[in-house]
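Structure first, commentary second.
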Amino acid sequence: MTLLPTIILMLAIFALTMLVALYSTYAERKVAAFLQDRLGPNRAGPGGLLQPLADGIKMIMKEELIPVSSNRFLFVLGPAVAMICALMAGVVIPWGPDLNLGGHSYRLQLADPDFGILYVFAVVSIGVYGIMIGGWASNNKFSLMGALRASSQVISYELSMGLSIIALVMVAGTLSMREIVAQQHGFNWYIWYQPLGFLIFLVTAFAETNRTPFDLPECETELIGGFHTEYSSMKLGFYLFAEYINMFISSAVMAALYFGGYNYPGMDAVQAWVGPILGSLIGFLVYFLKIALFIFFFMWVRWTVPRFRYDQLMKLGWKGLLPLSLLNIFITAVILKLVP
Amino acid sequence: MEGQGYLLTGRAKVLDRPRLSWAEKMYLPAIVGGLSVTIKHLFRRKATVQFPEQKRPVPISYRGLHVLKRDENGAERCTACGLCAVACPAEAITMEAGERKPGEEHLYREEKYAIKYEINMLRCIFCGLCEEACPKEAIFLEPTFAPAGFDRNDFIYGKDRLLEGSKREEIIPPLTS
């Protein structure tokens with residue numbers, strides 16, 4: 001009996017993640033269009049809402065090509081790894097406050113390990129293996145360059161990302177996602193305690209998800225698609241999809257760690273007014289709104305900021321963000337020592 | 001100052017590139033500036049013309065699809081002289097001349113007329129040189145455009161689709177005078 005709610009929640013989160021990723025592609029095109037004074041896709045369904053379906057069907061119907069000189073097994077493994085790792089990260093995210101139904105209290109979180117944040121990190125870093133494996137297995141110079149860039153980029157940026165989280169963990173005193181979100185009750189968000197840490201995390205999140213100022217592994221103009229040059233059909237779709245899922249997860253993590261997750265000012269009053277069940281749902285919606293805003297921000301930046309040069313990227317990572325995150329830890333430690 | 005270029009031409013210029021200030025090195029102020037520019041565009045009026053429903057008006061002299069004109073009595077003006085075909089830089093025009101028979105005076109203006117007159121719309125570059133070459137004011141480019149088809153052969157327009165008054169299904173945009 002205890003397994004059933006978990007399975008339902010698991011399927012719900014899976015469906016939700018897929019749906020968000022699906023409509024992120026639509027949103028991406030719409031945002032891009034509107035930022036460029038265009039209208040974007042608006043023919044498939046009302047307002048173009050069926051466009052993701054049309055795109056998906058197109059992807060599936062495309063010819064599946066596997067280059068002769070590629071390593072067949074790894075070539076297929078690459079997108080699978082990217083996709084699985086992207087989906088796995090959603091497990092530890094607390095999607096909403098506990099839901100009380102029929103006397104039972106259900107957690108809107110699949111698992112709450114003590115090492116929640118570390119788990120997200122671990123899974124997201126494995127995700128880059130999908131890119132590396134796929135890029136290498138393609139046996140194509142552009143793909144290999146893309147894979148190399150992806151791996152070196154992740155190494156240099158994950159460091160700063162981890163260090164920015166350490167400062168947050170020092171403030172929170174726990175690694176559990178659930179507890180970190182619970183501590184930010186009301187408007188007591190960690191962005192007020194860790195503004196610099198958030199900024200570092202935000203920048204590194206862009207690098208981690210290979211989004212535009214740091215989309216060097218892909219960069220169409222230099223590497224004609226980078227690691228997915230040789231991919232076609234749904235394998236390419238998996239890569240693109242994994243990118244959007246990663247973006248969704250990054251937004252969810254950022255909203256949970258720094259913007260209070262499902263917490264919002266005046267939540268106790270609202271909870272008392274509408275009752276616990278509706279209150280939980282509103283909390284979930286608020287969390288979702290924050291995630292949507294972050295996803296919009298990702299897109300907004302993509303259609304504003306041009307791509308970094310590779311040396312600029314490395315310089316920013318090692319000479320800019322790394323010392324800055326160390327400084328952030330130092331400042332946090334000093335303040336924590338002075339203000340008990 | 002060094003280098004052959006300076007010695008040869010004396011035109012080399014030493015640029016005084018100011019070093020980036022601290023704020024510029026941070027990138028962030030510039031990024032925020034850029035973001036504020038793009039967000040303004042989010043709410044701007046969109047430039048898109050919803051094509052099949054909406055048509056962008058074209059000038060009256062717009063060079064679109066050709067029309068073979070008739071004279072005031074409804075007779076075809078073309079005499080199949082072939083000057084348009086000669087003038088055509090894309091070699092899109094072919095024709096076959098025929099002799100007018102007695103009793104056909106109301107159909108054809110001159111003694112000679114085009115039995116067959118074909119324009120390959122895929123070759124045509126819509127330059128309007130045929131229009132300029134025509135001594136009989138028989139061919140004109142009209143503001144009709146956007147022919148579409150699934151077969152390349154469909155784009156070879158014969159007299160059935162070129163002659164004035166024939167079925168011309170192409171999109172006719174609103175005119176501006």
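Note on naming: chains are A, B, ... as they come in the structure tokens, residues start from 1 per chain, ligands start from 1 in the order shown.
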
Which residues of chain B sit at most 6 Å from chain A, using only C-alpha atoms? Give each one's shortest atom pair and distance in Å (one decimal place), in chain and ascending residue order, as JSON lines.
{"residue": "B:Thr38", "atom": "CA", "partner": "A:Leu35", "partner_atom": "CA", "distance": 5.7}
{"residue": "B:His41", "atom": "CA", "partner": "A:Leu35", "partner_atom": "CA", "distance": 5.1}
{"residue": "B:Leu42", "atom": "CA", "partner": "A:Leu35", "partner_atom": "CA", "distance": 4.7}
{"residue": "B:Lys46", "atom": "CA", "partner": "A:Asp37", "partner_atom": "CA", "distance": 4.6}
{"residue": "B:Ala47", "atom": "CA", "partner": "A:Asp37", "partner_atom": "CA", "distance": 5.9}
{"residue": "B:Thr48", "atom": "CA", "partner": "A:Arg38", "partner_atom": "CA", "distance": 5.5}

Could you save the residues just selected, with C-alpha atoms, as an mmCIF file, in the first residue's frame?
data_model
loop_
_atom_site.group_PDB
_atom_site.id
_atom_site.type_symbol
_atom_site.label_atom_id
_atom_site.label_comp_id
_atom_site.auth_asym_id
_atom_site.auth_seq_id
_atom_site.Cartn_x
_atom_site.Cartn_y
_atom_site.Cartn_z
ATOM 1 C CA THR B 38 15.491 42.337 -25.634
ATOM 2 C CA HIS B 41 11.139 43.794 -27.936
ATOM 3 C CA LEU B 42 8.955 41.192 -26.286
ATOM 4 C CA LYS B 46 5.353 42.232 -34.419
ATOM 5 C CA ALA B 47 6.508 42.595 -37.990
ATOM 6 C CA THR B 48 5.050 39.278 -39.131
#

Checklist entry - So which residues touch Ser232 of chain A within 8 Å, counting only C-alpha atoms, skipping near sequence neighbours fewer than 4 positions away, as a PyMOL selection string? => result chain A and resi 62-65+236-237

For those residues, write N, CA and C atoms to a file as a PDB file, in the first residue's frame.
ATOM      1  N   LYS A  62      11.889  10.667 -38.953  1.00  0.00           N
ATOM      2  CA  LYS A  62      13.112  10.916 -39.707  1.00  0.00           C
ATOM      3  C   LYS A  62      13.941   9.652 -39.838  1.00  0.00           C
ATOM      4  N   GLU A  63      14.763   9.637 -40.869  1.00  0.00           N
ATOM      5  CA  GLU A  63      15.606   8.465 -41.083  1.00  0.00           C
ATOM      6  C   GLU A  63      16.646   8.361 -39.972  1.00  0.00           C
ATOM      7  N   GLU A  64      16.862   7.137 -39.536  1.00  0.00           N
ATOM      8  CA  GLU A  64      17.804   6.886 -38.452  1.00  0.00           C
ATOM      9  C   GLU A  64      19.152   6.530 -39.063  1.00  0.00           C
ATOM     10  N   LEU A  65      20.139   7.371 -38.842  1.00  0.00           N
ATOM     11  CA  LEU A  65      21.443   7.128 -39.444  1.00  0.00           C
ATOM     12  C   LEU A  65      22.454   6.791 -38.364  1.00  0.00           C
ATOM     13  N   LEU A 236      18.803  12.180 -31.884  1.00  0.00           N
ATOM     14  CA  LEU A 236      19.018  13.625 -31.788  1.00  0.00           C
ATOM     15  C   LEU A 236      17.954  14.234 -30.877  1.00  0.00           C
ATOM     16  N   GLY A 237      16.728  13.741 -31.050  1.00  0.00           N
ATOM     17  CA  GLY A 237      15.636  14.236 -30.221  1.00  0.00           C
ATOM     18  C   GLY A 237      15.928  14.040 -28.745  1.00  0.00           C
TER      19      GLY A 237
END

Checklist entry - Restricting the calculation to only C-alpha atoms, which member of B:Leu83, B:Leu175, B:Met121, B:Ile31 is positioned closest to Pro57 of chain B? => result B:Leu175

Checklist entry - Which residues, written as a PyMOL selection string, have at least one atom at most 7 Å from segment 87-98 of chain B, with only C-alpha atoms counted and residues fewer than 4 positions away on the same chain left out? => result chain B and resi 80+83+112-120+123-125+129-130+133

Checklist entry - Running DSSP on the backbone, which parts of segment 17-89 of chain B land in strand (DSSP E or B), as number ranges by chain? => result B: 58-59, 66-68, 70, 76

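Compared by their closest atoms to Leu35 of chain B, and using only C-alpha atoms, the residues A:Phe241, A:Phe298, A:Trp192, A:Trp273 rank with A:Phe298 nearest.
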
Item to check | Selection: 10 Å around Glu179 of chain A, only C-alpha atoms, excl. self and same-chain fewer than 4 positions, as a ChimeraX atom specification | outcome: /A:94,112,114,116,172-175,183-184

Please write the residues from the selection above to a file, keeping N, CA and C atoms, as a PDB file, in the first residue's frame.
ATOM      1  N   PRO A  94      11.823  18.434  -3.923  1.00  0.00           N
ATOM      2  CA  PRO A  94      10.525  18.502  -3.250  1.00  0.00           C
ATOM      3  C   PRO A  94       9.573  19.395  -4.035  1.00  0.00           C
ATOM      4  N   ASP A 112      14.059  11.355  -0.196  1.00  0.00           N
ATOM      5  CA  ASP A 112      14.690  12.444   0.533  1.00  0.00           C
ATOM      6  C   ASP A 112      15.955  11.931   1.204  1.00  0.00           C
ATOM      7  N   ASP A 114      19.758  12.030   2.734  1.00  0.00           N
ATOM      8  CA  ASP A 114      20.471  13.075   3.482  1.00  0.00           C
ATOM      9  C   ASP A 114      21.411  13.867   2.584  1.00  0.00           C
ATOM     10  N   GLY A 116      20.834  14.938  -0.512  1.00  0.00           N
ATOM     11  CA  GLY A 116      20.018  15.361  -1.652  1.00  0.00           C
ATOM     12  C   GLY A 116      20.737  16.174  -2.701  1.00  0.00           C
ATOM     13  N   ALA A 172      22.616  26.587   5.634  1.00  0.00           N
ATOM     14  CA  ALA A 172      21.455  25.743   5.913  1.00  0.00           C
ATOM     15  C   ALA A 172      21.766  24.676   6.955  1.00  0.00           C
ATOM     16  N   GLY A 173      22.981  24.169   6.948  1.00  0.00           N
ATOM     17  CA  GLY A 173      23.342  23.142   7.910  1.00  0.00           C
ATOM     18  C   GLY A 173      22.841  21.762   7.542  1.00  0.00           C
ATOM     19  N   THR A 174      22.365  21.586   6.312  1.00  0.00           N
ATOM     20  CA  THR A 174      21.911  20.261   5.890  1.00  0.00           C
ATOM     21  C   THR A 174      22.081  20.124   4.384  1.00  0.00           C
ATOM     22  N   LEU A 175      22.147  18.870   3.920  1.00  0.00           N
ATOM     23  CA  LEU A 175      22.239  18.627   2.479  1.00  0.00           C
ATOM     24  C   LEU A 175      20.906  18.173   1.905  1.00  0.00           C
ATOM     25  N   GLN A 183      13.301  25.116   5.474  1.00  0.00           N
ATOM     26  CA  GLN A 183      13.881  26.212   6.257  1.00  0.00           C
ATOM     27  C   GLN A 183      13.536  27.583   5.690  1.00  0.00           C
ATOM     28  N   GLN A 184      13.190  27.619   4.421  1.00  0.00           N
ATOM     29  CA  GLN A 184      12.937  28.921   3.788  1.00  0.00           C
ATOM     30  C   GLN A 184      11.475  29.311   3.891  1.00  0.00           C
TER      31      GLN A 184
END

Item to check | Exercise: segment 200-215 of chain A partners within 8 Å, only C-alpha atoms, chain neighbours under 2 positions left out, as a PyMOL selection string | outcome: chain A and resi 150+153-154+157-158+160-161+164-165+196-198+217-219+243+246-247+250+254+298+301-303+305-308+313+321+324-325

Next on the checklist: Let's see if you can do this: from backbone DSSP, list all helix (DSSP H, G or I) residues in segment 18-198 of chain A, as a PyMOL selection string.
Outcome noted: chain A and resi 18-35+46-48+51-61+72-92+116-137+141-172+177-183+195-198

Include C-alpha atoms and write out the residues we just selected as a compact mmCIF listing (two decimals), in the first residue's frame.
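For reference, result_28.txt as written:
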# COMPACT_ATOMS: atom_id res chain seq x y z
CA MET A 18 8.35 15.30 -20.16
CA LEU A 19 5.49 17.73 -20.63
CA VAL A 20 7.56 20.66 -19.45
CA ALA A 21 10.43 19.66 -21.69
CA LEU A 22 8.05 19.24 -24.62
CA TYR A 23 6.52 22.64 -24.13
CA SER A 24 9.89 24.21 -23.42
CA THR A 25 10.71 23.64 -27.06
CA TYR A 26 7.54 25.48 -27.98
CA ALA A 27 8.23 28.21 -25.45
CA GLU A 28 11.77 28.53 -26.73
CA ARG A 29 10.55 29.17 -30.24
CA LYS A 30 7.86 31.55 -29.08
CA VAL A 31 10.19 33.51 -26.82
CA ALA A 32 12.80 33.67 -29.56
CA ALA A 33 10.20 34.92 -32.00
CA PHE A 34 8.75 37.52 -29.67
CA LEU A 35 12.17 38.83 -28.72
CA PRO A 46 -4.67 27.20 -31.42
CA GLY A 47 -1.72 29.52 -31.05
CA GLY A 48 0.56 26.77 -32.30
CA GLN A 51 3.64 22.39 -32.52
CA PRO A 52 5.64 20.21 -30.07
CA LEU A 53 3.58 17.20 -31.15
CA ALA A 54 4.23 17.95 -34.79
CA ASP A 55 7.93 18.35 -34.06
CA GLY A 56 7.97 15.10 -32.12
CA ILE A 57 6.27 13.18 -34.89
CA LYS A 58 8.69 14.68 -37.38
CA MET A 59 11.63 13.62 -35.21
CA ILE A 60 10.39 10.05 -34.96
CA MET A 61 9.64 9.77 -38.67
CA ARG A 72 27.69 1.44 -32.73
CA PHE A 73 27.12 0.51 -29.12
CA LEU A 74 28.45 3.73 -27.66
CA PHE A 75 26.70 5.74 -30.37
CA VAL A 76 23.37 4.44 -29.14
CA LEU A 77 24.39 4.61 -25.50
CA GLY A 78 25.22 8.33 -25.64
CA PRO A 79 21.72 9.79 -25.98
CA ALA A 80 20.34 7.17 -23.62
CA VAL A 81 22.77 8.21 -20.88
CA ALA A 82 22.04 11.87 -21.46
CA MET A 83 18.31 11.28 -21.22
CA ILE A 84 18.36 8.94 -18.21
CA CYS A 85 20.62 11.21 -16.20
CA ALA A 86 18.50 14.21 -17.00
CA LEU A 87 15.38 12.41 -15.80
CA MET A 88 17.01 10.98 -12.68
CA ALA A 89 17.75 14.35 -11.14
CA GLY A 90 14.07 15.08 -10.55
CA VAL A 91 13.85 12.39 -7.88
CA VAL A 92 15.07 14.39 -4.90
CA GLY A 116 20.02 15.36 -1.65
CA ILE A 117 22.05 18.13 -3.27
CA LEU A 118 25.04 15.90 -3.79
CA TYR A 119 22.79 13.43 -5.57
CA VAL A 120 21.64 16.13 -7.99
CA PHE A 121 25.26 17.02 -8.61
CA ALA A 122 26.31 13.45 -9.14
CA VAL A 123 23.54 12.72 -11.61
CA VAL A 124 23.95 15.94 -13.54
CA SER A 125 27.69 15.36 -13.87
CA ILE A 126 27.12 11.86 -15.18
CA GLY A 127 24.88 13.47 -17.76
CA VAL A 128 27.92 14.95 -19.46
CA TYR A 129 29.09 11.39 -20.13
CA GLY A 130 26.19 11.11 -22.53
CA ILE A 131 27.64 14.01 -24.50
CA MET A 132 31.20 12.73 -24.26
CA ILE A 133 30.33 9.18 -25.27
CA GLY A 134 28.10 10.33 -28.12
CA GLY A 135 30.63 12.85 -29.38
CA TRP A 136 33.48 10.38 -29.29
CA ALA A 137 31.54 7.47 -30.73
CA LYS A 141 36.11 15.73 -35.71
CA PHE A 142 33.37 18.22 -34.94
CA SER A 143 31.64 15.85 -32.58
CA LEU A 144 34.90 15.09 -30.84
CA MET A 145 35.61 18.80 -30.43
CA GLY A 146 32.14 19.26 -29.00
CA ALA A 147 32.63 16.39 -26.59
CA LEU A 148 36.01 17.73 -25.48
CA ARG A 149 34.57 21.16 -24.93
CA ALA A 150 31.63 19.76 -23.00
CA SER A 151 33.85 17.81 -20.66
CA SER A 152 36.36 20.57 -20.00
CA GLN A 153 33.53 23.05 -19.56
CA VAL A 154 31.81 20.85 -17.04
CA ILE A 155 35.02 20.28 -15.11
CA SER A 156 35.74 23.98 -14.84
CA TYR A 157 32.21 25.04 -14.02
CA GLU A 158 31.09 22.26 -11.74
CA LEU A 159 33.83 23.26 -9.35
CA SER A 160 32.46 26.76 -8.88
CA MET A 161 28.94 25.40 -8.76
CA GLY A 162 29.85 22.98 -5.99
CA LEU A 163 31.66 25.68 -4.06
CA SER A 164 28.71 28.04 -4.33
CA ILE A 165 26.52 25.27 -2.94
CA ILE A 166 28.93 24.66 -0.08
CA ALA A 167 28.36 28.21 1.13
CA LEU A 168 24.62 27.56 1.00
CA VAL A 169 25.01 24.32 2.87
CA MET A 170 27.01 26.13 5.51
CA VAL A 171 24.07 28.46 6.05
CA ALA A 172 21.46 25.74 5.91
CA MET A 177 16.66 19.24 -0.31
CA ARG A 178 13.53 18.83 1.73
CA GLU A 179 14.95 20.45 4.81
CA ILE A 180 16.59 23.24 2.88
CA VAL A 181 13.27 24.14 1.32
CA ALA A 182 11.44 23.79 4.63
CA GLN A 183 13.88 26.21 6.26
CA PRO A 195 23.16 36.59 -3.29
CA LEU A 196 26.69 36.08 -4.56
CA GLY A 197 26.35 32.32 -4.28
CA PHE A 198 23.15 32.47 -6.29

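Checking B:Ala75, B:Ala146, B:Ala23, B:Leu68 one by one against Glu104 of chain B, counting only C-alpha atoms, you find the shortest gap at B:Ala75.
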
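Here atom CA of Phe227 of chain A is placed at a distance of 28.2 Å from atom CA of Leu199 of chain A.
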